[in-house]
file protein.txt (compact mmCIF, C-alpha atoms)
# COMPACT_ATOMS: atom_id res chain seq x y z
CA MET I 1 0.00 0.00 0.00
CA LYS I 2 1.42 3.34 -1.03
CA PHE I 3 0.01 6.84 -1.39
CA LEU I 4 0.79 9.06 -4.33
CA CYS I 5 0.34 12.83 -4.42
CA VAL I 6 -1.04 12.97 -7.92
CA GLU I 7 -0.53 16.70 -8.39
CA CYS I 8 3.17 16.49 -7.50
CA ASP I 9 3.64 12.94 -8.81
CA ARG I 10 5.52 12.16 -5.58
CA GLN I 11 5.09 9.21 -3.26
CA MET I 12 3.75 10.38 0.10
CA LEU I 13 5.83 9.46 3.12
CA PHE I 14 4.62 7.86 6.31
CA GLU I 15 4.59 10.39 9.12
CA GLU I 16 2.59 9.27 12.10
CA ARG I 17 0.53 6.37 13.40
CA ARG I 18 -2.19 6.30 16.03
CA LEU I 19 -3.86 3.34 17.69
CA PRO I 20 -6.89 4.64 19.56
CA GLY I 21 -7.43 1.27 21.22
CA ASP I 22 -10.75 0.46 19.57
CA GLY I 23 -9.23 -1.86 16.99
CA THR I 24 -8.90 0.86 14.38
CA LEU I 25 -5.72 2.46 13.09
CA ALA I 26 -4.97 5.93 11.79
CA ALA I 27 -1.82 6.75 9.86
CA ALA I 28 -0.77 10.03 8.29
CA PHE I 29 1.22 10.31 5.08
CA ARG I 30 2.63 13.57 3.71
CA CYS I 31 3.77 14.68 0.28
CA PRO I 32 7.46 15.59 0.53
CA GLN I 33 7.01 18.28 -2.14
CA CYS I 34 3.81 20.20 -1.43
CA GLY I 35 3.33 19.15 2.20
CA ARG I 36 -0.21 17.92 1.75
CA ALA I 37 -1.13 15.23 4.28
CA VAL I 38 -3.68 12.43 3.99
CA GLY I 39 -4.93 10.06 6.63
CA LEU I 40 -5.29 6.30 6.24
CA LEU I 41 -8.07 5.00 8.47
CA THR I 42 -8.59 1.27 8.78
CA ASN I 43 -11.57 -0.47 10.34
CA PRO I 44 -11.05 -3.23 12.94
CA MET I 45 -11.05 -6.04 10.38
CA GLU I 46 -8.56 -4.27 8.13
CA THR I 47 -6.37 -3.46 11.13
CA GLN I 48 -6.53 -7.07 12.23
CA LEU I 49 -5.59 -8.38 8.80
CA VAL I 50 -2.46 -6.23 8.73
CA ALA I 51 -1.58 -7.24 12.29
CA SER I 52 -2.09 -10.89 11.35
CA LEU I 53 0.70 -10.59 8.83
CA GLY I 54 3.05 -9.56 11.62
CA VAL I 55 3.87 -6.26 9.93
CA LYS I 56 3.42 -2.69 11.07
CA ILE I 57 2.28 0.18 8.89
CA GLY I 58 4.97 2.80 9.28
CA GLY I 59 7.56 0.21 10.15
CA THR I 60 9.14 -0.42 13.52
CA THR I 61 12.44 0.38 15.16
CA ILE I 62 12.88 -2.59 17.48
CA GLU I 63 13.59 -6.22 16.79
CA PRO I 64 10.59 -8.57 16.87
CA GLN I 65 10.15 -10.50 20.09
CA PRO I 66 10.02 -14.32 20.03
CA LEU I 67 6.48 -15.44 19.23
CA GLU I 68 5.40 -11.81 19.18
CA THR I 69 2.26 -12.36 17.13
CA VAL I 70 1.24 -15.50 19.01
CA ARG I 71 1.76 -13.91 22.42
CA GLY I 72 0.05 -10.71 21.39
CA MET I 73 -2.96 -12.31 19.75
CA VAL I 74 -3.80 -15.59 21.52
CA THR I 75 -6.53 -15.11 24.10
CA THR I 76 -6.64 -18.64 25.52
CA GLY I 77 -3.00 -18.98 26.51
CA ARG I 78 -1.91 -20.27 29.91
CA ASP I 79 -0.88 -17.65 32.44
CA ASP I 80 2.25 -19.63 33.19
CA ALA I 81 3.15 -20.55 29.61
CA PHE I 82 6.43 -18.65 29.73
CA GLU I 83 9.13 -18.37 32.35
CA ASP I 84 9.04 -15.09 34.20
CA GLY I 85 11.87 -12.68 34.20
CA LYS I 86 14.38 -14.08 31.74
CA GLY I 87 15.09 -11.74 28.87
CA GLU I 88 12.35 -9.36 29.86
CA THR I 89 14.39 -6.54 31.25
CA GLY I 90 15.26 -4.76 28.03
CA ASN I 91 18.16 -4.92 25.62
CA GLY I 92 21.50 -3.24 25.86
CA ASN I 93 23.59 -1.94 28.71
CA GLY I 94 22.81 0.82 31.10
CA PRO I 95 20.37 1.15 33.93
CA LEU I 96 16.89 -0.23 33.60
CA PRO I 97 14.15 2.36 33.41
CA ALA I 98 11.97 2.62 36.47
CA TRP I 99 8.22 2.04 36.34
CA SER I 100 5.88 4.60 37.84
CA ARG I 101 3.12 3.31 40.10
CA GLU I 102 0.51 4.12 37.43
CA ALA I 103 2.50 2.32 34.75
CA GLN I 104 2.89 -0.72 37.02
CA ASP I 105 -0.86 -0.77 37.60
CA ARG I 106 -1.46 -0.65 33.88
CA LEU I 107 1.06 -3.36 33.22
CA ALA I 108 -0.59 -5.54 35.85
CA ARG I 109 -3.80 -5.47 33.80
CA VAL I 110 -2.02 -7.08 30.82
CA PRO I 111 -2.68 -10.85 30.71
CA ASN I 112 0.17 -12.93 32.11
CA PHE I 113 0.52 -14.76 28.81
CA VAL I 114 1.87 -11.63 27.14
CA ARG I 115 2.96 -9.45 30.07
CA GLY I 116 6.63 -10.38 30.04
CA MET I 117 6.97 -9.53 26.37
CA VAL I 118 5.10 -6.25 26.76
CA LYS I 119 7.32 -5.30 29.68
CA LYS I 120 10.45 -5.95 27.64
CA ILE I 121 9.18 -3.98 24.65
CA TYR I 122 8.46 -0.94 26.81
CA ALA I 123 11.82 -1.27 28.54
CA ASP I 124 13.63 -1.47 25.19
CA TYR I 125 11.69 1.54 23.92
CA ALA I 126 12.56 3.59 26.99
CA LYS I 127 16.24 2.64 26.97
CA GLU I 128 16.57 3.45 23.28
CA ARG I 129 15.32 6.93 24.00
CA GLY I 130 17.09 7.54 27.28
CA ILE I 131 13.83 7.58 29.22
CA VAL I 132 14.49 6.87 32.89
CA GLU I 133 10.93 6.31 34.05
CA ILE I 134 8.15 4.51 32.23
CA THR I 135 4.81 6.22 32.76
CA PRO I 136 1.42 5.65 31.11
CA ALA I 137 2.28 8.50 28.74
CA VAL I 138 5.47 6.71 27.70
CA MET I 139 3.45 3.52 27.20
CA ASP I 140 0.99 5.41 24.98
CA SER I 141 3.83 6.85 22.93
CA ALA I 142 5.41 3.44 22.56
CA ARG I 143 2.15 1.90 21.40
CA SER I 144 1.79 4.46 18.63
CA ASP I 145 5.46 4.65 17.69
CA LEU I 146 5.88 0.87 17.56
CA GLY I 147 2.43 -0.06 16.31
CA LEU I 148 1.59 -2.17 19.36
CA GLU I 149 -2.10 -2.68 18.80
CA GLY I 150 -3.71 -4.10 21.93
CA MET I 151 -0.65 -3.80 24.19
CA MET L 152 -9.37 14.96 -18.37
CA PRO L 153 -8.17 11.71 -16.74
CA LEU L 154 -5.43 11.96 -14.18
CA ASN L 155 -2.07 10.48 -15.03
CA ILE L 156 -1.42 8.25 -12.04
CA ARG L 157 1.64 6.07 -11.70
CA THR L 158 0.84 2.56 -10.55
CA TYR L 159 2.29 0.61 -7.64
CA HIS L 160 5.29 -0.83 -9.39
CA ASP L 161 6.11 2.49 -11.03
CA LEU L 162 6.98 3.98 -7.65
CA THR L 163 10.66 3.84 -6.85
CA GLU L 164 10.97 6.21 -3.89
CA PRO L 165 12.02 4.82 -0.51
CA ASP L 166 9.05 3.61 1.50
CA ARG L 167 9.28 4.12 5.25
CA SER L 168 6.46 1.68 5.92
CA GLY L 169 8.43 -0.99 4.12
CA LEU L 170 5.76 -3.67 4.39
CA ALA L 171 7.38 -5.74 1.66
CA GLY L 172 10.69 -5.35 3.44
CA GLN L 173 9.15 -6.49 6.70
CA ILE L 174 7.79 -9.61 5.01
CA ALA L 175 11.21 -10.28 3.46
CA ALA L 176 12.83 -9.89 6.88
CA GLN L 177 10.40 -12.45 8.28
CA ARG L 178 11.45 -14.93 5.60
CA ARG L 179 15.13 -14.30 6.30
CA ARG L 180 14.50 -14.94 9.99
CA VAL L 181 12.94 -18.32 9.15
CA ALA L 182 15.85 -19.23 6.88
CA ALA L 183 18.42 -18.20 9.47
CA ARG L 184 16.74 -20.19 12.24
CA LEU L 185 16.59 -23.32 10.10
CA ALA L 186 20.13 -23.02 8.78
CA GLY L 187 21.20 -25.84 11.10
CA VAL L 188 18.41 -28.19 10.03
CA GLY L 189 19.48 -30.94 7.65
CA ARG L 190 16.04 -31.47 6.22
CA VAL L 191 12.50 -30.29 6.86
CA VAL L 192 10.00 -33.11 6.37
CA ALA L 193 6.29 -32.34 6.26
CA VAL L 194 4.12 -35.21 7.44
CA MET L 195 0.86 -34.76 5.60
CA SER L 196 -2.31 -36.38 4.45
CA GLY L 197 -5.37 -35.03 2.75
CA LYS L 198 -7.47 -36.72 5.37
CA GLY L 199 -7.97 -36.49 9.11
CA GLY L 200 -7.75 -39.42 11.49
CA VAL L 201 -5.16 -41.43 9.61
CA GLY L 202 -2.49 -41.12 12.27
CA LYS L 203 -0.19 -38.37 11.05
CA SER L 204 0.72 -37.22 14.53
CA PHE L 205 1.13 -40.80 15.75
CA ALA L 206 3.49 -41.55 12.86
CA THR L 207 5.34 -38.27 13.30
CA ALA L 208 5.99 -38.95 16.98
CA GLY L 209 6.99 -42.56 16.29
CA LEU L 210 9.41 -41.45 13.59
CA GLY L 211 10.87 -38.66 15.72
CA ARG L 212 11.58 -40.99 18.62
CA ALA L 213 13.08 -43.60 16.27
CA LEU L 214 15.40 -41.00 14.76
CA ALA L 215 16.55 -40.13 18.27
CA ARG L 216 17.14 -43.83 19.05
CA ALA L 217 19.23 -44.00 15.90
CA GLY L 218 21.46 -41.28 17.33
CA ARG L 219 20.11 -38.52 15.14
CA THR L 220 18.85 -35.16 16.29
CA ALA L 221 15.19 -34.70 15.56
CA GLY L 222 12.61 -32.00 16.16
CA VAL L 223 8.87 -31.99 15.75
CA LEU L 224 6.94 -28.83 15.00
CA ASP L 225 3.29 -29.46 15.78
CA ALA L 226 1.54 -27.43 13.08
CA ASP L 227 -1.93 -28.60 14.08
CA PHE L 228 -2.71 -25.51 16.14
CA ASN L 229 -6.34 -26.39 16.73
CA GLY L 230 -5.80 -30.00 17.74
CA PRO L 231 -2.22 -30.24 19.02
CA THR L 232 -1.23 -33.68 20.29
CA ILE L 233 2.51 -34.02 19.74
CA PRO L 234 3.67 -33.26 23.31
CA ALA L 235 1.34 -35.95 24.63
CA LEU L 236 2.54 -38.44 22.03
CA LEU L 237 6.15 -37.67 22.91
CA HIS L 238 5.29 -37.89 26.63
CA ILE L 239 6.39 -34.32 27.20
CA PRO L 240 4.69 -32.74 30.22
CA VAL L 241 3.39 -29.21 29.78
CA ALA L 242 5.83 -26.85 31.45
CA ARG L 243 6.84 -23.23 31.20
CA CYS L 244 8.64 -22.30 28.00
CA ALA L 245 12.09 -20.88 28.57
CA LEU L 246 12.90 -17.60 26.87
CA ARG L 247 16.26 -16.72 25.39
CA ASP L 248 17.11 -13.33 23.99
CA ASP L 249 15.73 -13.97 20.55
CA ALA L 250 14.03 -17.35 20.76
CA ILE L 251 11.98 -19.78 22.79
CA GLU L 252 13.61 -23.02 23.90
CA PRO L 253 11.80 -26.07 22.52
CA ALA L 254 10.50 -28.70 24.91
CA VAL L 255 12.57 -31.89 24.86
CA SER L 256 11.29 -35.43 25.30
CA SER L 257 13.09 -37.99 27.42
CA ASP L 258 14.36 -39.46 24.13
CA GLY L 259 15.85 -36.12 23.17
CA VAL L 260 13.26 -35.10 20.56
CA ARG L 261 12.82 -31.34 20.48
CA CYS L 262 9.26 -30.18 20.15
CA PHE L 263 7.15 -27.09 19.95
CA SER L 264 3.38 -27.10 19.98
CA MET L 265 0.39 -24.93 20.68
CA ALA L 266 -0.41 -27.51 23.37
CA LEU L 267 2.47 -26.03 25.39
CA LEU L 268 0.81 -22.62 25.36
CA LEU L 269 -2.94 -23.14 25.63
CA GLN L 270 -5.04 -23.41 28.76
CA ASP L 271 -6.25 -26.96 29.41
CA GLY L 272 -9.29 -27.80 27.33
CA ARG L 273 -9.58 -24.34 25.76
CA PRO L 274 -9.65 -23.93 21.97
CA LEU L 275 -7.16 -21.68 20.25
CA GLY L 276 -8.70 -18.21 20.46
CA PHE L 277 -7.38 -15.07 18.85
CA ARG L 278 -8.07 -11.48 19.77
CA GLY L 279 -9.89 -9.66 16.99
CA PRO L 280 -13.24 -8.72 15.54
CA GLU L 281 -15.62 -11.67 15.58
CA ALA L 282 -17.50 -10.67 12.45
CA GLU L 283 -16.00 -12.18 9.31
CA SER L 284 -13.16 -13.63 11.36
CA HIS L 285 -12.44 -16.13 8.58
CA VAL L 286 -10.83 -13.22 6.71
CA TRP L 287 -7.99 -12.92 9.19
CA ARG L 288 -7.91 -16.16 11.17
CA GLU L 289 -6.07 -18.21 8.56
CA THR L 290 -3.57 -15.40 8.17
CA LEU L 291 -2.94 -15.50 11.90
CA GLU L 292 -2.44 -19.24 11.81
CA ALA L 293 0.10 -18.76 9.01
CA ALA L 294 1.85 -16.18 11.19
CA THR L 295 1.83 -18.70 14.02
CA LEU L 296 3.52 -21.25 11.78
CA ARG L 297 6.10 -18.65 10.79
CA GLU L 298 6.88 -17.86 14.41
CA PHE L 299 7.09 -21.55 15.38
CA LEU L 300 9.68 -21.95 12.62
CA ALA L 301 11.59 -18.73 13.20
CA ASP L 302 11.34 -18.09 16.93
CA VAL L 303 12.00 -21.52 18.41
CA ALA L 304 15.66 -22.34 19.08
CA TRP L 305 15.67 -25.50 16.98
CA GLY L 306 19.46 -25.58 16.82
CA THR L 307 21.20 -28.25 14.80
CA LEU L 308 18.86 -31.02 13.69
CA ASP L 309 19.16 -33.89 11.26
CA ARG L 310 15.43 -33.72 10.67
CA LEU L 311 12.68 -31.28 11.56
CA LEU L 312 9.36 -33.06 11.19
CA VAL L 313 6.36 -30.81 10.68
CA ASP L 314 3.13 -32.48 11.72
CA LEU L 315 0.47 -30.91 9.54
CA PRO L 316 -3.27 -30.83 10.19
CA PRO L 317 -5.60 -32.50 7.67
CA GLY L 318 -5.95 -30.81 4.30
CA ILE L 319 -3.53 -28.80 2.22
CA GLN L 320 -3.72 -25.25 3.55
CA ARG L 321 -0.98 -25.52 6.18
CA PHE L 322 1.30 -27.23 3.66
CA GLN L 323 0.88 -24.28 1.30
CA GLU L 324 1.76 -21.91 4.13
CA LEU L 325 4.87 -23.99 4.83
CA VAL L 326 5.92 -23.78 1.20
CA ASP L 327 5.42 -20.02 1.28
CA LEU L 328 7.58 -19.63 4.37
CA LEU L 329 10.50 -21.96 3.71
CA PRO L 330 13.39 -21.14 1.40
CA ALA L 331 12.64 -24.37 -0.53
CA PRO L 332 9.66 -26.73 -0.49
CA PRO L 333 9.87 -29.34 2.29
CA ALA L 334 10.15 -33.03 1.61
CA VAL L 335 6.87 -34.84 2.21
CA LEU L 336 6.07 -38.06 4.03
CA THR L 337 2.48 -39.10 3.40
CA VAL L 338 0.28 -41.04 5.79
CA THR L 339 -2.81 -42.99 4.78
CA ILE L 340 -4.98 -45.79 6.06
CA PRO L 341 -5.73 -48.73 3.74
CA THR L 342 -9.17 -47.63 2.51
CA ALA L 343 -10.09 -46.42 -0.95
CA GLU L 344 -11.63 -43.30 0.57
CA SER L 345 -8.36 -42.42 2.25
CA ARG L 346 -6.44 -43.19 -0.95
CA ASP L 347 -8.54 -40.75 -2.93
CA ALA L 348 -8.22 -37.95 -0.39
CA VAL L 349 -4.49 -38.49 0.14
CA ARG L 350 -3.87 -38.60 -3.60
CA ARG L 351 -5.13 -35.04 -3.93
CA ALA L 352 -2.78 -33.87 -1.18
CA MET L 353 0.18 -35.66 -2.77
CA GLN L 354 -0.64 -34.15 -6.13
CA PHE L 355 -0.82 -30.73 -4.51
CA ALA L 356 2.55 -31.20 -2.86
CA GLN L 357 4.16 -32.47 -6.04
CA GLU L 358 2.82 -29.55 -8.06
CA ARG L 359 4.49 -27.20 -5.58
CA GLY L 360 7.87 -28.78 -6.07
CA ALA L 361 8.00 -30.96 -2.97
CA GLU L 362 9.89 -34.24 -3.04
CA LEU L 363 7.62 -37.12 -2.03
CA LEU L 364 9.70 -39.37 0.20
CA GLY L 365 7.25 -42.19 0.62
CA VAL L 366 3.94 -43.45 1.95
CA VAL L 367 3.21 -44.75 5.42
CA GLU L 368 0.16 -47.01 5.55
CA ASN L 369 -1.22 -46.94 9.06
CA MET L 370 -3.70 -49.21 10.91
CA VAL L 371 -3.04 -52.09 8.52
CA ASP L 372 -4.20 -54.89 10.79
CA GLY L 373 -7.48 -53.35 11.86
CA PRO L 374 -10.96 -53.26 10.43
CA PHE L 375 -9.99 -51.26 7.37
CA THR L 376 -9.66 -52.99 4.03
CA GLY L 377 -7.85 -51.83 0.93
CA ASP L 378 -4.42 -51.24 -0.50
CA ALA L 379 -4.14 -47.45 -0.40
CA GLY L 380 -0.50 -47.50 0.62
CA GLU L 381 0.65 -49.69 -2.23
CA ALA L 382 -1.62 -47.98 -4.74
CA LEU L 383 -0.35 -44.49 -3.90
CA ALA L 384 3.27 -45.62 -3.84
CA ARG L 385 2.85 -47.19 -7.26
CA GLU L 386 1.00 -44.23 -8.71
CA PHE L 387 3.60 -41.68 -7.58
CA ALA L 388 6.56 -44.03 -8.11
CA ILE L 389 7.74 -43.68 -4.51
CA PRO L 390 8.34 -46.32 -1.85
CA LEU L 391 5.81 -47.63 0.62
CA VAL L 392 8.13 -46.95 3.53
CA ALA L 393 6.15 -48.49 6.38
CA ARG L 394 3.06 -50.54 7.09
CA VAL L 395 2.08 -49.74 10.64
CA PRO L 396 -0.22 -52.00 12.67
CA PHE L 397 -2.51 -50.74 15.41
CA TYR L 398 0.01 -51.63 18.07
CA PRO L 399 3.38 -51.23 16.39
CA ASP L 400 6.56 -52.26 18.12
CA LEU L 401 9.71 -50.20 17.98
CA ARG L 402 11.04 -52.13 14.98
CA VAL L 403 8.38 -50.59 12.75
CA TRP L 404 9.44 -47.08 13.65
CA ASP L 405 13.14 -47.90 13.60
CA GLY L 406 12.74 -49.31 10.10
CA LEU L 407 10.90 -46.18 8.98
CA ALA L 408 13.62 -44.01 10.46
CA GLN L 409 16.32 -45.91 8.60
CA ARG L 410 14.46 -45.52 5.33
CA MET L 411 13.98 -41.82 5.95
CA LEU L 412 17.66 -41.38 6.66
CA ARG L 413 18.61 -43.24 3.48
CA SER L 414 16.24 -41.10 1.42
CA SER L 415 18.47 -38.06 1.51
call {"tool": "encode", "arguments": {"input": "protein.txt", "output": "structure tokens"}}
result
Amino acid sequence: MKFLCVECDRQMLFEERRLPGDGTLAAAFRCPQCGRAVGLLTNPMETQLVASLGVKIGGTTIEPQPLETVRGMVTTGRDDAFEDGKGETGNGNGPLPAWSREAQDRLARVPNFVRGMVKKIYADYAKERGIVEITPAVMDSARSDLGLEGM
Amino acid sequence: MPLNIRTYHDLTEPDRSGLAGQIAAQRRRVAARLAGVGRVVAVMSGKGGVGKSFATAGLGRALARAGRTAGVLDADFNGPTIPALLHIPVARCALRDDAIEPAVSSDGVRCFSMALLLQDGRPLGFRGPEAESHVWRETLEAATLREFLADVAWGTLDRLLVDLPPGIQRFQELVDLLPAPPAVLTVTIPTAESRDAVRRAMQFAQERGAELLGVVENMVDGPFTGDAGEALAREFAIPLVARVPFYPDLRVWDGLAQRMLRSS
């Protein structure tokens, strides 16, 4: 899927993605020549189909997690399917970001089946950006920036 | 006046979304993970209830007894049975940095299965809109197959057996994901009905470039009559590699393993 600014005959570039949390997706593309922006709005089924392919409109900046699609999409997984802790503290060196109380509460609402992976993704996101404390606002930014529908 | 619009393949500018690139990266991840696998063998049949999983587990354990390294990927996500057939208890999956450790049977057969992940007795459920879910569900199952191939630390294996569900859809997904079509071991029961269904699956596999390694005829001493195994082997000019009774002893599986090892 690509967008073409017909007047300029230039391919529009991805600029921003939003996941409002209702299963839909909004993405903005802008013409690099005239600056005109258009929005791509997908309904829940269209959003799901793209997610099912394991790809993210707008791309992503972090490596995929093991079984990322399975862990993110399966609703009947066992709470104790995966070992806790191992490999879930974020990539790279340096101090781990802290979690605010509100962010911890939000993380606690994520099903156990996927919680470890979600925690690692947020930690990687924060470390990449030098963020020292993960807050709900950071989690919201990560969801949009990384295309984490449903996380 | 009609607009002059370039079409998709006319566009040459860099694409930040890079969906095609993301798909290509997924394929490279599969290829890299399986680089240490000597051969991927799909165990398939056009028909359910012929004993594909039973034969897969028996073959996997026999390969291990023969001193070979074997893995079984249980690709029947809606009816996974391989861990039970390999006597692997359900336990927590260990995470490495970039992969999940497979479960390992007491014989040394590595295994990954949806049965290791699902709640007891619950069907495989996916998050998503219920309406028209057939549009995306098969795509999600294909993504699951991709992740079972690419995200499990299979390591070095002589054989990776892929236990397919009935039908041909999962085999097509496997062909799409692997760098080259897998070899195919076909399982049938003796009946004419099974022969006709399995023939279609074998034809499908052959048309997609898969090497047919042989036919296993299962349940040969039971109530079923017919010669499906011999007939299919003759028709496709491949060996009938095993005739498996209801209660096979180890020699049956060991013989099958030896024939499989000689086939490459």
call {"tool": "interface_residues", "arguments": {"input": "protein.txt", "of": "chain I", "to": "chain L", "cutoff": "9 Å", "atoms": "only C-alpha atoms", "output": "PyMOL selection string"}}
result
chain I and resi 1-2+4+6-7+9-15+23+44-46+48-60+63-70+72-88+91+113+150
call {"tool": "write_last_selection", "arguments": {"input": "protein.txt", "atoms": "C-alpha atoms", "output": "PDB file, keeping the file's coordinate frame"}}
result
ATOM      1  CA  MET I   1       0.000   0.000   0.000  1.00  0.00           C
ATOM      2  CA  LYS I   2       1.420   3.340  -1.030  1.00  0.00           C
ATOM      3  CA  LEU I   4       0.790   9.060  -4.330  1.00  0.00           C
ATOM      4  CA  VAL I   6      -1.040  12.970  -7.920  1.00  0.00           C
ATOM      5  CA  GLU I   7      -0.530  16.700  -8.390  1.00  0.00           C
ATOM      6  CA  ASP I   9       3.640  12.940  -8.810  1.00  0.00           C
ATOM      7  CA  ARG I  10       5.520  12.160  -5.580  1.00  0.00           C
ATOM      8  CA  GLN I  11       5.090   9.210  -3.260  1.00  0.00           C
ATOM      9  CA  MET I  12       3.750  10.380   0.100  1.00  0.00           C
ATOM     10  CA  LEU I  13       5.830   9.460   3.120  1.00  0.00           C
ATOM     11  CA  PHE I  14       4.620   7.860   6.310  1.00  0.00           C
ATOM     12  CA  GLU I  15       4.590  10.390   9.120  1.00  0.00           C
ATOM     13  CA  GLY I  23      -9.230  -1.860  16.990  1.00  0.00           C
ATOM     14  CA  PRO I  44     -11.050  -3.230  12.940  1.00  0.00           C
ATOM     15  CA  MET I  45     -11.050  -6.040  10.380  1.00  0.00           C
ATOM     16  CA  GLU I  46      -8.560  -4.270   8.130  1.00  0.00           C
ATOM     17  CA  GLN I  48      -6.530  -7.070  12.230  1.00  0.00           C
ATOM     18  CA  LEU I  49      -5.590  -8.380   8.800  1.00  0.00           C
ATOM     19  CA  VAL I  50      -2.460  -6.230   8.730  1.00  0.00           C
ATOM     20  CA  ALA I  51      -1.580  -7.240  12.290  1.00  0.00           C
ATOM     21  CA  SER I  52      -2.090 -10.890  11.350  1.00  0.00           C
ATOM     22  CA  LEU I  53       0.700 -10.590   8.830  1.00  0.00           C
ATOM     23  CA  GLY I  54       3.050  -9.560  11.620  1.00  0.00           C
ATOM     24  CA  VAL I  55       3.870  -6.260   9.930  1.00  0.00           C
ATOM     25  CA  LYS I  56       3.420  -2.690  11.070  1.00  0.00           C
ATOM     26  CA  ILE I  57       2.280   0.180   8.890  1.00  0.00           C
ATOM     27  CA  GLY I  58       4.970   2.800   9.280  1.00  0.00           C
ATOM     28  CA  GLY I  59       7.560   0.210  10.150  1.00  0.00           C
ATOM     29  CA  THR I  60       9.140  -0.420  13.520  1.00  0.00           C
ATOM     30  CA  GLU I  63      13.590  -6.220  16.790  1.00  0.00           C
ATOM     31  CA  PRO I  64      10.590  -8.570  16.870  1.00  0.00           C
ATOM     32  CA  GLN I  65      10.150 -10.500  20.090  1.00  0.00           C
ATOM     33  CA  PRO I  66      10.020 -14.320  20.030  1.00  0.00           C
ATOM     34  CA  LEU I  67       6.480 -15.440  19.230  1.00  0.00           C
ATOM     35  CA  GLU I  68       5.400 -11.810  19.180  1.00  0.00           C
ATOM     36  CA  THR I  69       2.260 -12.360  17.130  1.00  0.00           C
ATOM     37  CA  VAL I  70       1.240 -15.500  19.010  1.00  0.00           C
ATOM     38  CA  GLY I  72       0.050 -10.710  21.390  1.00  0.00           C
ATOM     39  CA  MET I  73      -2.960 -12.310  19.750  1.00  0.00           C
ATOM     40  CA  VAL I  74      -3.800 -15.590  21.520  1.00  0.00           C
ATOM     41  CA  THR I  75      -6.530 -15.110  24.100  1.00  0.00           C
ATOM     42  CA  THR I  76      -6.640 -18.640  25.520  1.00  0.00           C
ATOM     43  CA  GLY I  77      -3.000 -18.980  26.510  1.00  0.00           C
ATOM     44  CA  ARG I  78      -1.910 -20.270  29.910  1.00  0.00           C
ATOM     45  CA  ASP I  79      -0.880 -17.650  32.440  1.00  0.00           C
ATOM     46  CA  ASP I  80       2.250 -19.630  33.190  1.00  0.00           C
ATOM     47  CA  ALA I  81       3.150 -20.550  29.610  1.00  0.00           C
ATOM     48  CA  PHE I  82       6.430 -18.650  29.730  1.00  0.00           C
ATOM     49  CA  GLU I  83       9.130 -18.370  32.350  1.00  0.00           C
ATOM     50  CA  ASP I  84       9.040 -15.090  34.200  1.00  0.00           C
ATOM     51  CA  GLY I  85      11.870 -12.680  34.200  1.00  0.00           C
ATOM     52  CA  LYS I  86      14.380 -14.080  31.740  1.00  0.00           C
ATOM     53  CA  GLY I  87      15.090 -11.740  28.870  1.00  0.00           C
ATOM     54  CA  GLU I  88      12.350  -9.360  29.860  1.00  0.00           C
ATOM     55  CA  ASN I  91      18.160  -4.920  25.620  1.00  0.00           C
ATOM     56  CA  PHE I 113       0.520 -14.760  28.810  1.00  0.00           C
ATOM     57  CA  GLY I 150      -3.710  -4.100  21.930  1.00  0.00           C
TER      58      GLY I 150
END
call {"tool": "residues_around", "arguments": {"input": "protein.txt", "residues": "Pro136 (chain I)", "least_positions_apart": "5", "cutoff": "8 Å", "atoms": "all atoms listed in the file", "output": "list in words"}}
result
Glu102, Ala103 and Arg106 of chain I
call {"tool": "residues_around", "arguments": {"input": "protein.txt", "residues": "Ala348 (chain L)", "least_positions_apart": "4", "cutoff": "10 Å", "atoms": "all atoms listed in the file", "output": "list of chain:residue names"}}
result
L:Ser196, L:Gly197, L:Lys198, L:Gly199, L:Gly318, L:Thr339, L:Ala343, L:Glu344, L:Ala352, L:Met353
call {"tool": "closest_atom_pairs", "arguments": {"input": "protein.txt", "of": "region 376-400 of chain L", "to": "region 202-216 of chain L", "cutoff": "12 Å", "atoms": "only C-alpha atoms", "output": "tab-separated table"}}
result
residue	atom	partner	partner_atom	distance
L:Val392	CA	L:Leu210	CA	11.5
L:Ala393	CA	L:Ala206	CA	9.9
L:Arg394	CA	L:Ala206	CA	10.7
L:Val395	CA	L:Ala206	CA	8.6
L:Pro396	CA	L:Ala206	CA	11.1
L:Phe397	CA	L:Gly202	CA	10.1
L:Tyr398	CA	L:Phe205	CA	11.1
L:Pro399	CA	L:Gly209	CA	9.4
L:Asp400	CA	L:Gly209	CA	9.9
call {"tool": "write_last_selection", "arguments": {"input": "protein.txt", "atoms": "C-alpha atoms", "output": "mmCIF file, in the frame of the given file"}}
result
data_model
loop_
_atom_site.group_PDB
_atom_site.id
_atom_site.type_symbol
_atom_site.label_atom_id
_atom_site.label_comp_id
_atom_site.auth_asym_id
_atom_site.auth_seq_id
_atom_site.Cartn_x
_atom_site.Cartn_y
_atom_site.Cartn_z
ATOM 1 C CA VAL L 392 8.130 -46.950 3.530
ATOM 2 C CA ALA L 393 6.150 -48.490 6.380
ATOM 3 C CA ARG L 394 3.060 -50.540 7.090
ATOM 4 C CA VAL L 395 2.080 -49.740 10.640
ATOM 5 C CA PRO L 396 -0.220 -52.000 12.670
ATOM 6 C CA PHE L 397 -2.510 -50.740 15.410
ATOM 7 C CA TYR L 398 0.010 -51.630 18.070
ATOM 8 C CA PRO L 399 3.380 -51.230 16.390
ATOM 9 C CA ASP L 400 6.560 -52.260 18.120
#
call {"tool": "atom_distance", "arguments": {"input": "protein.txt", "atom1": "CA of Gln354 (chain L)", "atom2": "CA of Val313 (chain L)"}}
result
18.5 Å
call {"tool": "residues_around", "arguments": {"input": "protein.txt", "residues": "Leu185 (chain L)", "least_positions_apart": "5", "cutoff": "10 Å", "atoms": "only C-alpha atoms", "output": "VMD selection string"}}
result
chain L and resid 179 to 180 190 to 191 300 to 301 303 to 308 311 329 to 330
